[in-house]
Amino acid sequence: MSTIQIDRLLDTVIRQNASDLHLTTGRKPTLRLHGKLRNLETKVLDADDMVALMKAITPERAQQELQEEGSSDFGFAYGTEARFRVAVFRQRGDVAIALRLIPNKLLTFEEIGLPEICRELIRRPRGLFIVTGPTGSGKTTSLATMIDHINANLDRHIITVEDPIEYYHYHKQSIINQREVGVDVPSFSEALRRGLRADPDVILVGEMRDLETMESAIRAAETGHLVFATLHTTGAAGTINRIIDAFPVNQQAQVRVQLSVSLICVLSQVLLARTDKKGLVAAYEFLVVTPAISNLIRENKTFRIDSAIQTGRKFGMQLLDDHLWSLYQKGIIAADEMIDKGKDPGELTEKVHRSGGEVGRTELDAVID
């Protein structure tokens, strides 16, 4: 298989607007389309195909890392059409590749349905804005939209730390510098430590992977910067607990106090397949830190946060399951999809039955060969 064919594969991803392309030995190239896997009608890939495909797109540095570590991640621009984030790795001694499509076009708040209050919150001069959700839930896209909004409407110095850089931003009203881990800086924590000396107003931390990065992000938010960060958690209360639990027990009380002061909000999101087969729709849980919620964090009463979100609707807050239910009632998502992605599947199933609906898989189309 030559480079011509990698181009053809990438063209197919863009044309069909698939989110991912999976290449592995012993299987045809496979797209992830609206959350489902779909094989392409080409030959089954063998080990030689995989090496040729890998070499066609993988920079020297990443090939060396693949050799030494068994895997590597990088991003690359595909003409003017799009960018791809790529994970190459070894499995059973062969090469496998997963490519994620990053569209060049940045979306607006309306297009991705971000809660309207986000516009107000991202004007804040300082604090920690956390976006959470499972892998592939659109966190990067939501953050790119918010960063673009700041870039276009406010004069700020924005520094992003990403691994790898996904969306490219260009200077608008703000100055924006994007640093790639492994290329421009060795680690997230190092980038944050050094970044504070570069007079930033806004810092985006691609991922709070370790304790050091969490500490640095919280400190940056406390010292007068607006910090955006992501975590792989579901739900607002769970996110706060996860951060606190990452610290040694003797520091947890102090971290609670720091978070109660510096945390602005937690936006937790999932992506769901639409019933009209026109792609995906996002559902959000949104926590805005009010003085009452600040007290709950400080006093270690995070178990009461969910009910505080329910009573905080006037501040733009909502629980994930409430948003899922409203999408289901509008006919945008199916009952099964809602229950799969909900935080309390039992309660959602009950609600469907009470409202006269049915739950049950009507089609087994997770994988179609």
# chains A, B, ... in the order shown; residues from 1 in each chain; ligands from 1
$ closest_atom_pairs --of "segment 163-233 of chain A" --to "segment 70-78 of chain A" --cutoff "8 Å" --atoms "only C-alpha atoms" --output "tab-separated table"
residue	atom	partner	partner_atom	distance
A:Asp163	CA	A:Phe74	CA	7.6
A:Pro164	CA	A:Phe74	CA	5.5
A:Ile165	CA	A:Gly75	CA	6.5
A:Glu166	CA	A:Gly75	CA	6.7
$ residues_around --residues "Arg124 of chain A" --least-positions-apart "3" --cutoff "10 Å" --atoms "only C-alpha atoms" --output "JSON, numbers by chain"
{"A": [119, 120, 121, 127, 128, 202, 224, 225, 226, 264]}
$ write_last_selection --atoms "C-alpha atoms" --output "short mmCIF file (atom, residue, chain, number, x, y, z; two decimals), in the first residue's frame"
data_model
loop_
_atom_site.label_atom_id
_atom_site.label_comp_id
_atom_site.auth_asym_id
_atom_site.auth_seq_id
_atom_site.Cartn_x
_atom_site.Cartn_y
_atom_site.Cartn_z
CA ARG A 119 -19.62 33.31 27.52
CA GLU A 120 -19.83 35.25 30.79
CA LEU A 121 -17.58 32.94 32.78
CA GLY A 127 -9.94 31.07 38.17
CA LEU A 128 -10.05 27.42 37.11
CA VAL A 202 -5.19 32.72 29.92
CA GLY A 224 -4.54 35.71 38.83
CA HIS A 225 -4.80 33.68 35.62
CA LEU A 226 -7.78 32.14 33.87
CA ILE A 264 -15.12 28.84 38.59
#
$ residues_around --residues "segment 131-140 of chain A" --least-positions-apart "6" --cutoff "9 Å" --atoms "only C-alpha atoms" --output "list in words"
Ser19, Glu166, Tyr167, Gly206, Phe228, Ala229, Thr230, Leu231, His232, Thr233, Thr234, Gly235, Ala236, Thr239, Cys265, Val266, Leu267, Ser268, Gln269, Val270, Leu271, Leu272 and Ala282 of chain A
$ residues_around --residues "Ala98 of chain A" --least-positions-apart "3" --cutoff "8 Å" --atoms "only C-alpha atoms" --output "count of residues only"
7
$ residues_around --residues "segment 243-247 of chain A" --least-positions-apart "3" --cutoff "10 Å" --atoms "only C-alpha atoms" --output "PyMOL selection string"
chain A and resi 208+210-212+214-215+231+233+238-240+250-256+259+297+300
$ residues_around --residues "segment 183-197 of chain A" --least-positions-apart "6" --cutoff "7 Å" --atoms "only C-alpha atoms" --output "MDAnalysis selection string"
chainID A and resid 161 212:213 216
$ write_last_selection --atoms "N, CA, C and O atoms" --output "short mmCIF file (atom, residue, chain, number, x, y, z; two decimals), in the first residue's frame"
data_model
loop_
_atom_site.label_atom_id
_atom_site.label_comp_id
_atom_site.auth_asym_id
_atom_site.auth_seq_id
_atom_site.Cartn_x
_atom_site.Cartn_y
_atom_site.Cartn_z
N VAL A 161 -1.01 24.52 26.37
CA VAL A 161 -0.05 23.41 26.49
C VAL A 161 -0.81 22.16 26.08
O VAL A 161 -1.78 21.78 26.75
N GLU A 212 1.51 16.91 39.99
CA GLU A 212 2.30 18.12 39.76
C GLU A 212 1.55 19.11 38.87
O GLU A 212 1.51 20.31 39.13
N THR A 213 0.93 18.56 37.80
CA THR A 213 0.20 19.42 36.87
C THR A 213 -1.03 20.02 37.56
O THR A 213 -1.35 21.19 37.38
N SER A 216 0.11 22.81 39.83
CA SER A 216 0.51 24.00 39.06
C SER A 216 -0.70 24.73 38.51
O SER A 216 -0.74 25.96 38.49
#
$ closest_residue --among "A:Arg32, A:His157, A:His171, A:Arg126" --to "Asp199 of chain A" --atoms "only C-alpha atoms"
A:His157
$ residues_around --residues "Lys105 of chain A" --least-positions-apart "4" --cutoff "12 Å" --atoms "only C-alpha atoms" --output "PyMOL selection string"
chain A and resi 80-83+101+111+141+144-145+148+166-169
$ write_last_selection --atoms "C-alpha atoms" --output "mmCIF file, in the first residue's frame"
data_model
loop_
_atom_site.group_PDB
_atom_site.id
_atom_site.type_symbol
_atom_site.label_atom_id
_atom_site.label_comp_id
_atom_site.auth_asym_id
_atom_site.auth_seq_id
_atom_site.Cartn_x
_atom_site.Cartn_y
_atom_site.Cartn_z
ATOM 1 C CA THR A 80 -5.846 22.764 4.135
ATOM 2 C CA GLU A 81 -8.657 20.295 4.742
ATOM 3 C CA ALA A 82 -8.066 19.168 8.300
ATOM 4 C CA ARG A 83 -5.634 18.050 10.970
ATOM 5 C CA LEU A 101 -10.064 13.958 12.691
ATOM 6 C CA GLU A 111 -23.122 25.051 16.854
ATOM 7 C CA THR A 141 -13.698 21.021 20.617
ATOM 8 C CA ALA A 144 -11.163 25.315 21.215
ATOM 9 C CA THR A 145 -14.497 27.175 20.847
ATOM 10 C CA ASP A 148 -11.411 31.151 19.978
ATOM 11 C CA GLU A 166 -5.040 19.704 17.897
ATOM 12 C CA TYR A 167 -6.852 22.842 16.725
ATOM 13 C CA TYR A 168 -4.550 25.553 15.340
ATOM 14 C CA HIS A 169 -5.397 29.068 16.545
#
$ closest_residue --among "A:Ser142, A:Thr275, A:Gln310, A:Asn17" --to "Asp336 of chain A" --atoms "only C-alpha atoms"
A:Thr275
$ select_by_dssp --residues "segment 74-229 of chain A" --states "strand (DSSP E)" --output "VMD selection string"
chain A and resid 74 to 78 82 to 91 94 to 103 127 to 132 157 to 162 175 to 180 202 to 205 226 to 229
$ atom_distance --atom1 "atom CA of Phe129 of chain A" --atom2 "atom CA of Ser307 of chain A"
20.8 Å
$ select_by_dssp --residues "segment 127-214 of chain A" --states "alpha helix (DSSP H)" --output "list in words"
Lys139, Thr140, Thr141, Ser142, Leu143, Ala144, Thr145, Met146, Ile147, Asp148, His149, Ile150, Asn151, Ala152, Asn153, Phe188, Ser189, Glu190, Ala191, Leu192, Arg193, Arg194, Gly195, Leu211, Glu212, Thr213 and Met214 of chain A
$ atom_distance --atom1 "atom CA of Ala221 of chain A" --atom2 "atom CA of Asn295 of chain A"
18.4 Å
$ closest_residue --among "A:Val289, A:Gly182, A:His149, A:Leu320" --to "Arg61 of chain A" --atoms "only C-alpha atoms"
A:Gly182
$ closest_residue --among "A:Gln178, A:Arg100, A:Val227, A:Asp201" --to "Leu154 of chain A" --atoms "only C-alpha atoms"
A:Asp201
